[in-house]
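S.K.: I am sharing coords02.cif, which consists of mmCIF, C-alpha atoms and all ligand atoms:
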```
data_protein
#
loop_
_atom_site.label_atom_id
_atom_site.label_comp_id
_atom_site.auth_asym_id
_atom_site.auth_seq_id
_atom_site.Cartn_x
_atom_site.Cartn_y
_atom_site.Cartn_z
CA MET A 48 -9.02 -30.78 -25.25
CA PRO A 49 -10.29 -28.55 -28.08
CA LEU A 50 -11.77 -25.14 -27.28
CA MET A 51 -14.80 -26.00 -29.38
CA GLN A 52 -16.20 -29.25 -30.71
CA LEU A 53 -19.10 -29.67 -33.14
CA ASP A 54 -20.63 -33.10 -33.20
CA GLY A 55 -23.08 -34.30 -35.87
CA VAL A 56 -24.56 -30.84 -36.40
CA THR A 57 -27.43 -30.81 -38.91
CA VAL A 58 -29.38 -27.71 -39.94
CA GLN A 59 -32.43 -27.82 -42.17
CA PHE A 60 -34.41 -25.10 -43.87
CA GLY A 61 -37.66 -26.77 -44.93
CA GLY A 62 -36.58 -29.60 -47.22
CA LEU A 63 -33.01 -28.29 -47.63
CA THR A 64 -30.24 -29.70 -45.46
CA ALA A 65 -27.81 -26.78 -45.27
CA VAL A 66 -25.44 -28.48 -42.80
CA ASN A 67 -25.30 -32.25 -42.74
CA GLU A 68 -23.90 -34.22 -39.78
CA LEU A 69 -20.96 -31.87 -39.46
CA SER A 70 -18.28 -32.63 -36.86
CA PHE A 71 -15.03 -30.82 -36.32
CA ALA A 72 -12.88 -29.57 -33.45
CA VAL A 73 -11.20 -26.18 -33.08
CA ALA A 74 -7.98 -26.34 -31.05
CA GLU A 75 -7.19 -23.50 -28.65
CA LYS A 76 -4.94 -20.68 -29.93
CA THR A 77 -5.10 -21.77 -33.56
CA ILE A 78 -6.44 -20.21 -36.73
CA HIS A 79 -9.00 -22.65 -38.11
CA GLY A 80 -10.32 -22.10 -41.63
CA LEU A 81 -13.81 -23.16 -42.68
CA ILE A 82 -13.98 -23.12 -46.45
CA GLY A 83 -16.09 -24.48 -49.29
CA PRO A 84 -17.84 -23.38 -52.48
CA ASN A 85 -20.82 -21.01 -52.39
CA GLY A 86 -23.78 -22.50 -50.56
CA ALA A 87 -21.65 -25.14 -48.77
CA GLY A 88 -23.11 -24.16 -45.39
CA LYS A 89 -20.32 -22.08 -43.84
CA SER A 90 -22.45 -19.06 -42.83
CA THR A 91 -25.09 -21.42 -41.48
CA VAL A 92 -22.45 -22.92 -39.17
CA PHE A 93 -21.50 -19.41 -37.98
CA ASN A 94 -25.13 -18.62 -37.37
CA CYS A 95 -25.42 -21.75 -35.21
CA LEU A 96 -22.36 -20.71 -33.21
CA SER A 97 -23.80 -17.22 -32.66
CA ARG A 98 -27.09 -18.94 -31.74
CA PHE A 99 -29.10 -17.29 -34.52
CA TYR A 100 -29.99 -20.77 -35.86
CA GLN A 101 -30.86 -23.89 -33.91
CA PRO A 102 -29.58 -27.17 -35.40
CA ALA A 103 -32.16 -29.94 -35.77
CA VAL A 104 -29.60 -32.46 -34.50
CA GLY A 105 -26.11 -32.35 -33.02
CA LYS A 106 -24.04 -30.93 -30.19
CA ILE A 107 -21.67 -28.00 -29.87
CA ASP A 108 -19.34 -27.88 -26.90
CA PHE A 109 -17.49 -24.64 -26.15
CA ALA A 110 -14.96 -24.61 -23.29
CA GLY A 111 -16.85 -27.42 -21.59
CA ARG A 112 -20.28 -25.75 -21.98
CA ASP A 113 -23.24 -26.89 -24.07
CA LEU A 114 -23.44 -23.98 -26.50
CA LEU A 115 -26.85 -24.95 -27.86
CA ALA A 116 -28.38 -24.48 -24.41
CA LEU A 117 -27.38 -20.80 -24.41
CA ARG A 118 -28.90 -17.64 -25.87
CA SER A 119 -27.03 -15.38 -28.26
CA ASP A 120 -26.13 -12.81 -25.55
CA GLN A 121 -24.94 -15.59 -23.20
CA VAL A 122 -22.63 -16.89 -25.94
CA MET A 123 -21.00 -13.47 -26.13
CA ASN A 124 -20.48 -13.41 -22.37
CA LEU A 125 -18.89 -16.84 -22.62
CA GLY A 126 -16.20 -15.43 -24.91
CA ILE A 127 -17.35 -15.78 -28.52
CA ALA A 128 -17.34 -12.67 -30.72
CA ARG A 129 -17.88 -12.32 -34.46
CA THR A 130 -17.55 -9.98 -37.37
CA PHE A 131 -20.01 -9.96 -40.26
CA GLN A 132 -19.67 -10.42 -44.04
CA ASN A 133 -20.72 -6.84 -44.58
CA VAL A 134 -19.46 -4.14 -42.28
CA GLU A 135 -22.11 -3.57 -39.61
CA LEU A 136 -21.06 -0.35 -37.90
CA PHE A 137 -22.90 2.81 -36.89
CA ARG A 138 -21.73 5.10 -39.67
CA GLY A 139 -22.78 8.30 -37.91
CA MET A 140 -20.73 7.50 -34.80
CA THR A 141 -16.98 7.78 -34.32
CA ALA A 142 -14.66 4.77 -34.46
CA LEU A 143 -14.17 4.95 -30.68
CA GLU A 144 -17.92 5.08 -30.02
CA ASN A 145 -18.42 2.05 -32.27
CA VAL A 146 -15.79 0.10 -30.36
CA LEU A 147 -17.37 1.09 -27.05
CA VAL A 148 -20.59 -0.54 -28.23
CA GLY A 149 -18.69 -3.87 -28.26
CA GLN A 150 -18.15 -3.58 -24.51
CA HIS A 151 -21.79 -3.36 -23.71
CA SER A 152 -21.94 -7.09 -22.98
CA LEU A 153 -19.24 -6.79 -20.35
CA GLY A 154 -21.82 -5.34 -18.03
CA GLY A 155 -22.06 -1.95 -16.44
CA SER A 156 -22.94 -0.37 -13.22
CA GLY A 157 -26.65 -0.89 -13.28
CA PHE A 158 -29.53 1.53 -13.60
CA PHE A 159 -28.91 3.70 -10.51
CA GLY A 160 -25.17 3.81 -11.02
CA ASP A 161 -25.73 5.07 -14.56
CA LEU A 162 -28.39 7.52 -13.42
CA PHE A 163 -26.29 9.21 -10.77
CA ALA A 164 -22.95 8.75 -12.50
CA THR A 165 -21.17 7.79 -9.31
CA SER A 166 -17.38 7.83 -9.16
CA LYS A 167 -17.44 4.04 -9.59
CA VAL A 168 -19.37 4.53 -12.81
CA LYS A 169 -16.98 7.21 -14.00
CA GLN A 170 -14.03 4.91 -13.30
CA ALA A 171 -15.70 2.06 -15.18
CA GLU A 172 -16.44 4.38 -18.10
CA SER A 173 -12.85 5.56 -18.22
CA ALA A 174 -11.60 1.92 -18.10
CA ARG A 175 -13.94 1.09 -20.99
CA ARG A 176 -12.65 3.99 -23.05
CA GLN A 177 -9.09 2.97 -22.33
CA ALA A 178 -9.76 -0.63 -23.39
CA ALA A 179 -11.45 0.60 -26.58
CA MET A 180 -8.46 2.85 -27.34
CA GLU A 181 -6.08 -0.05 -26.73
CA ALA A 182 -8.04 -2.23 -29.19
CA LEU A 183 -7.84 0.56 -31.80
CA GLU A 184 -4.12 1.02 -31.12
CA PHE A 185 -3.47 -2.72 -31.40
CA LEU A 186 -4.93 -2.61 -34.90
CA GLY A 187 -3.05 0.58 -35.84
CA LEU A 188 -6.22 2.67 -35.81
CA ALA A 189 -5.54 5.13 -32.98
CA ASP A 190 -5.62 8.07 -35.41
CA THR A 191 -9.17 7.20 -36.48
CA ALA A 192 -10.64 7.19 -32.93
CA ASN A 193 -12.53 10.46 -33.34
CA SER A 194 -13.39 10.11 -37.04
CA LEU A 195 -16.92 9.34 -38.12
CA VAL A 196 -16.92 5.76 -39.38
CA GLY A 197 -18.85 6.68 -42.52
CA SER A 198 -16.00 8.96 -43.60
CA LEU A 199 -13.32 6.25 -43.37
CA PRO A 200 -12.14 3.95 -46.18
CA TYR A 201 -13.76 0.51 -46.30
CA GLY A 202 -10.55 -1.28 -45.26
CA LYS A 203 -10.39 0.76 -42.04
CA GLN A 204 -14.07 0.21 -41.35
CA LYS A 205 -13.45 -3.53 -41.48
CA LEU A 206 -10.66 -3.21 -38.93
CA ILE A 207 -12.88 -1.13 -36.63
CA GLU A 208 -15.29 -4.07 -36.63
CA PHE A 209 -12.35 -6.19 -35.51
CA ALA A 210 -11.57 -3.74 -32.72
CA ARG A 211 -15.19 -3.85 -31.60
CA ALA A 212 -15.09 -7.66 -31.49
CA LEU A 213 -11.73 -7.65 -29.65
CA VAL A 214 -12.80 -5.33 -26.89
CA SER A 215 -15.17 -7.97 -25.51
CA LYS A 216 -11.98 -10.01 -24.84
CA PRO A 217 -13.14 -13.09 -26.74
CA LYS A 218 -11.61 -16.54 -26.44
CA LEU A 219 -12.95 -17.37 -29.90
CA LEU A 220 -13.32 -14.88 -32.73
CA LEU A 221 -15.52 -15.81 -35.68
CA LEU A 222 -14.43 -13.97 -38.80
CA ASP A 223 -16.93 -14.08 -41.66
CA GLU A 224 -15.16 -13.25 -44.95
CA PRO A 225 -12.94 -10.52 -43.48
CA ALA A 226 -11.05 -10.02 -46.75
CA ALA A 227 -14.15 -9.42 -48.89
CA GLY A 228 -13.90 -6.01 -50.55
CA LEU A 229 -10.25 -5.48 -49.58
CA ASN A 230 -7.41 -4.95 -52.05
CA PRO A 231 -4.38 -7.32 -52.01
CA GLN A 232 -2.30 -5.03 -49.75
CA GLU A 233 -5.14 -4.61 -47.25
CA THR A 234 -5.73 -8.38 -47.33
CA SER A 235 -2.07 -9.08 -46.64
CA HIS A 236 -2.08 -6.61 -43.72
CA LEU A 237 -5.28 -8.18 -42.41
CA GLY A 238 -3.66 -11.62 -42.54
CA ASP A 239 -0.73 -10.36 -40.45
CA LEU A 240 -3.13 -8.85 -37.91
CA ILE A 241 -5.11 -12.09 -37.59
CA VAL A 242 -1.87 -13.98 -36.89
CA GLU A 243 -1.01 -11.34 -34.25
CA LEU A 244 -4.39 -11.83 -32.57
CA LYS A 245 -3.47 -15.47 -32.13
CA ASP A 246 0.20 -15.02 -31.22
CA LYS A 247 0.03 -11.91 -29.03
CA LEU A 248 -3.47 -12.08 -27.54
CA GLY A 249 -3.91 -15.88 -27.54
CA ILE A 250 -7.25 -15.64 -29.34
CA THR A 251 -8.56 -18.67 -31.23
CA ILE A 252 -9.88 -17.78 -34.68
CA LEU A 253 -12.48 -19.53 -36.83
CA LEU A 254 -12.23 -18.03 -40.30
CA VAL A 255 -14.68 -18.28 -43.20
CA GLU A 256 -12.97 -16.85 -46.25
CA HIS A 257 -13.03 -17.17 -50.04
CA ASP A 258 -9.54 -15.70 -50.53
CA MET A 259 -7.64 -18.97 -50.76
CA SER A 260 -4.17 -17.48 -50.65
CA LEU A 261 -5.01 -15.82 -47.32
CA VAL A 262 -6.54 -19.03 -45.95
CA MET A 263 -3.56 -21.14 -47.03
CA ARG A 264 -1.09 -18.62 -45.61
CA ILE A 265 -2.49 -18.18 -42.10
CA CYS A 266 -4.59 -21.22 -41.16
CA ASP A 267 -3.19 -23.96 -38.94
CA THR A 268 -6.08 -26.28 -39.78
CA ILE A 269 -8.69 -26.10 -42.53
CA THR A 270 -12.08 -27.83 -42.65
CA VAL A 271 -13.61 -28.03 -46.12
CA MET A 272 -17.36 -28.25 -46.64
CA GLU A 273 -19.41 -29.09 -49.70
CA PHE A 274 -23.21 -29.39 -49.75
CA GLY A 275 -23.31 -29.13 -45.97
CA ARG A 276 -20.88 -31.98 -45.35
CA LYS A 277 -17.23 -32.04 -44.35
CA ILE A 278 -15.21 -33.36 -47.27
CA ALA A 279 -11.67 -32.77 -46.02
CA GLU A 280 -9.63 -31.49 -43.10
CA GLY A 281 -5.97 -30.81 -42.47
CA ASP A 282 -3.21 -28.25 -42.92
CA ALA A 283 -2.88 -26.10 -46.03
CA LYS A 284 -0.67 -28.54 -47.90
CA THR A 285 -2.96 -31.50 -47.21
CA ILE A 286 -6.02 -29.54 -48.33
CA GLN A 287 -4.41 -28.16 -51.49
CA ASN A 288 -3.54 -31.69 -52.62
CA ASN A 289 -6.85 -33.31 -51.70
CA PRO A 290 -8.66 -34.54 -54.87
CA ALA A 291 -12.15 -34.07 -53.36
CA VAL A 292 -11.33 -30.44 -52.55
CA ILE A 293 -9.88 -29.75 -55.99
CA LYS A 294 -12.99 -31.30 -57.57
CA ALA A 295 -15.36 -29.29 -55.36
CA TYR A 296 -13.71 -26.02 -56.36
CA LEU A 297 -13.08 -26.87 -60.02
CA GLY A 298 -16.73 -27.88 -60.32
CA GLU A 299 -17.55 -24.31 -59.34
CA GLY A 300 -14.95 -22.81 -61.66
CA GLU A 301 -12.61 -21.73 -58.85
CA ALA A 302 -9.49 -23.45 -60.13
CA SER A 303 -7.32 -21.25 -57.91
CA ALA A 304 -8.25 -23.31 -54.87
N1 LIG A 401 -32.29 -18.64 -43.73
C1 LIG A 401 -32.26 -19.52 -44.73
N2 LIG A 401 -33.40 -20.03 -45.26
C2 LIG A 401 -33.35 -20.94 -46.26
N3 LIG A 401 -32.24 -21.41 -46.82
C3 LIG A 401 -31.06 -20.93 -46.34
C4 LIG A 401 -31.02 -19.97 -45.28
N4 LIG A 401 -29.71 -19.69 -45.02
C5 LIG A 401 -28.98 -20.44 -45.87
N5 LIG A 401 -29.79 -21.17 -46.66
C6 LIG A 401 -29.37 -22.14 -47.68
O1 LIG A 401 -28.49 -23.05 -47.03
C7 LIG A 401 -27.43 -23.41 -47.89
C8 LIG A 401 -26.10 -23.04 -47.23
O2 LIG A 401 -26.00 -21.61 -47.23
P1 LIG A 401 -24.82 -20.82 -46.52
O3 LIG A 401 -25.12 -19.37 -46.66
O4 LIG A 401 -24.62 -21.37 -45.15
O5 LIG A 401 -23.59 -21.23 -47.44
P2 LIG A 401 -22.14 -20.57 -47.48
O6 LIG A 401 -21.19 -21.71 -47.56
O7 LIG A 401 -21.97 -19.63 -46.37
O8 LIG A 401 -22.18 -19.81 -48.87
P3 LIG A 401 -21.42 -18.46 -49.33
O9 LIG A 401 -19.99 -18.83 -49.46
O10 LIG A 401 -22.05 -18.16 -50.65
O11 LIG A 401 -21.69 -17.40 -48.29
C9 LIG A 401 -27.65 -22.67 -49.21
O12 LIG A 401 -28.32 -23.56 -50.09
C10 LIG A 401 -28.55 -21.52 -48.80
O13 LIG A 401 -29.38 -21.14 -49.88
#
```
Please, can you express the file's structure as structure tokens?
Ligand SMILES: Nc1ncnc2c1ncn2[C@@H]1O[C@H](COP(=O)(O)OP(=O)(O)OP(=O)(O)O)[C@@H](O)[C@H]1O
M.R.:
Amino acid sequence: MPLMQLDGVTVQFGGLTAVNELSFAVAEKTIHGLIGPNGAGKSTVFNCLSRFYQPAVGKIDFAGRDLLALRSDQVMNLGIARTFQNVELFRGMTALENVLVGQHSLGGSGFFGDLFATSKVKQAESARRQAAMEALEFLGLADTANSLVGSLPYGKQKLIEFARALVSKPKLLLLDEPAAGLNPQETSHLGDLIVELKDKLGITILLVEHDMSLVMRICDTITVMEFGRKIAEGDAKTIQNNPAVIKAYLGEGEASA
């Protein structure tokens, strides 16, 4: 059984159908790419999964639950985390503090516990800090823990966003253009880290990305969208040789796809 299944999902903005009867399944512990030319509807799909948008029609099942019946915060508690196209961190806070923010959804000790800082609270706080440090260490960022995020290079900031998403212990991680703004070396390192998230932590990844060499290198399965519809699906080799995919990208001038 897949971890997540979209079934006939349709999203409209006024007269525009941004996602059109889209169905696809994401298998557990895989890296699943969602690609397509600009405006194909990829971000709209992510925004449905994070529950920012409500589809007009369709169903989304996540680990046996009806995702569309849940609020955005409930989705996070169910085990879905995401990163954003543009880095969305608190620049005036340290890397560690930013990662700690990602644990907020895991629940705390409650109002009185926080107020009186009981030993239980202190223990929970120390466990949270340890988990945040472990997430930073996993991504090779331990040395940045006490640095202000705004002072760090963009590539590191992107990875701190990853750490923040990881610390909520997601089953599914939605990565929205993680390679945007990174140089080829940083992109290659990022690709290795994404594979490690799958292999070592067992996290399922849904990846929206324009860097085709990264997508083709790390994805187990790729779903291709154009004008809101699915036009192809399969492994990298199948997708690279699919005439409809080649046409969709060539039509946009992205012959590299
Ligand atoms: N909030 C919105 N209101 C109106 N139209 C929207 C909204 N969000 C997206 N759209 C439109 O829906 C279509 C799909 O957009 P979307 O951002 O999902 O595409 P995308 O595949 O993520 O594109 P890109 O690769 O450029 O990020 C586009 O025509 C876009 O203009």
S.K.: Go through the chains and note each residue within 7 Å of ligand LIG 401 (chain A), using all atoms listed in the file, then give the set as a PDB file with C-alpha atoms, keeping the file's coordinate frame.
M.R.:
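Wrote selection-v3.pdb, looks like this:
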```
ATOM      1  CA  PHE A  60     -34.410 -25.100 -43.870  1.00  0.00           C
ATOM      2  CA  LEU A  63     -33.010 -28.290 -47.630  1.00  0.00           C
ATOM      3  CA  ALA A  65     -27.810 -26.780 -45.270  1.00  0.00           C
ATOM      4  CA  GLY A  83     -16.090 -24.480 -49.290  1.00  0.00           C
ATOM      5  CA  PRO A  84     -17.840 -23.380 -52.480  1.00  0.00           C
ATOM      6  CA  ASN A  85     -20.820 -21.010 -52.390  1.00  0.00           C
ATOM      7  CA  GLY A  86     -23.780 -22.500 -50.560  1.00  0.00           C
ATOM      8  CA  ALA A  87     -21.650 -25.140 -48.770  1.00  0.00           C
ATOM      9  CA  GLY A  88     -23.110 -24.160 -45.390  1.00  0.00           C
ATOM     10  CA  LYS A  89     -20.320 -22.080 -43.840  1.00  0.00           C
ATOM     11  CA  SER A  90     -22.450 -19.060 -42.830  1.00  0.00           C
ATOM     12  CA  THR A  91     -25.090 -21.420 -41.480  1.00  0.00           C
ATOM     13  CA  VAL A  92     -22.450 -22.920 -39.170  1.00  0.00           C
ATOM     14  CA  GLY A 275     -23.310 -29.130 -45.970  1.00  0.00           C
TER      15      GLY A 275
END
```
S.K.: Report, in Å to a single decimal, how far apart CA of Gly80 (chain A) and CA of Asp267 (chain A) are.
M.R.: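 Calculated distance between CA of Asp267 (chain A) and CA of Gly80 (chain A) is 7.8 Å.
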S.K.: Can you measure CA of Leu254 (chain A) to CA of Glu208 (chain A) for me? One decimal in Å is fine.
M.R.: 14.8 Å
S.K.: Between A:Leu81, A:Cys95, A:Leu136, A:Val56, which has the minimum distance to Met259 (chain A) (counting all atoms listed in the file)?
M.R.: A:Leu81
S.K.: Just how far from CA of Gly202 (chain A) is CA of Asp239 (chain A), in Å to one decimal?
M.R.: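 It comes out at 14.2 Å.
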S.K.: Give the padded box for region 134-142 of chain A as AutoDock Vina command-line options: axis-aligned, covering all atoms listed in the file, 8 Å on each side, centre and edge lengths in Å to one decimal.
M.R.:
```
--center_x -18.8 --center_y 2.1 --center_z -38.3 --size_x 24.2 --size_y 28.4 --size_z 24.0
```
S.K.: With distances taken over only C-alpha atoms, which of A:Glu256, A:Glu280, A:Glu172, A:Glu135 is nearest to Tyr201 (chain A)?
M.R.: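 Closest to Tyr201 (chain A), using only C-alpha atoms: A:Glu135.
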S.K.: Calculated over only C-alpha atoms, which of the candidates A:Gln132, A:Thr251, A:Asn67, A:Gln101 has the smallest distance to Ile278 (chain A)?
M.R.: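 Of the candidates, the smallest distance to Ile278 (chain A) is held by A:Asn67.
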S.K.: Smallest atom-to-atom distance to Phe274 (chain A): which of A:Ile286, A:Ile78, A:Val66, A:Leu147, using all atoms listed in the file?
M.R.: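 So, comparing all the options, the nearest one is A:Val66.
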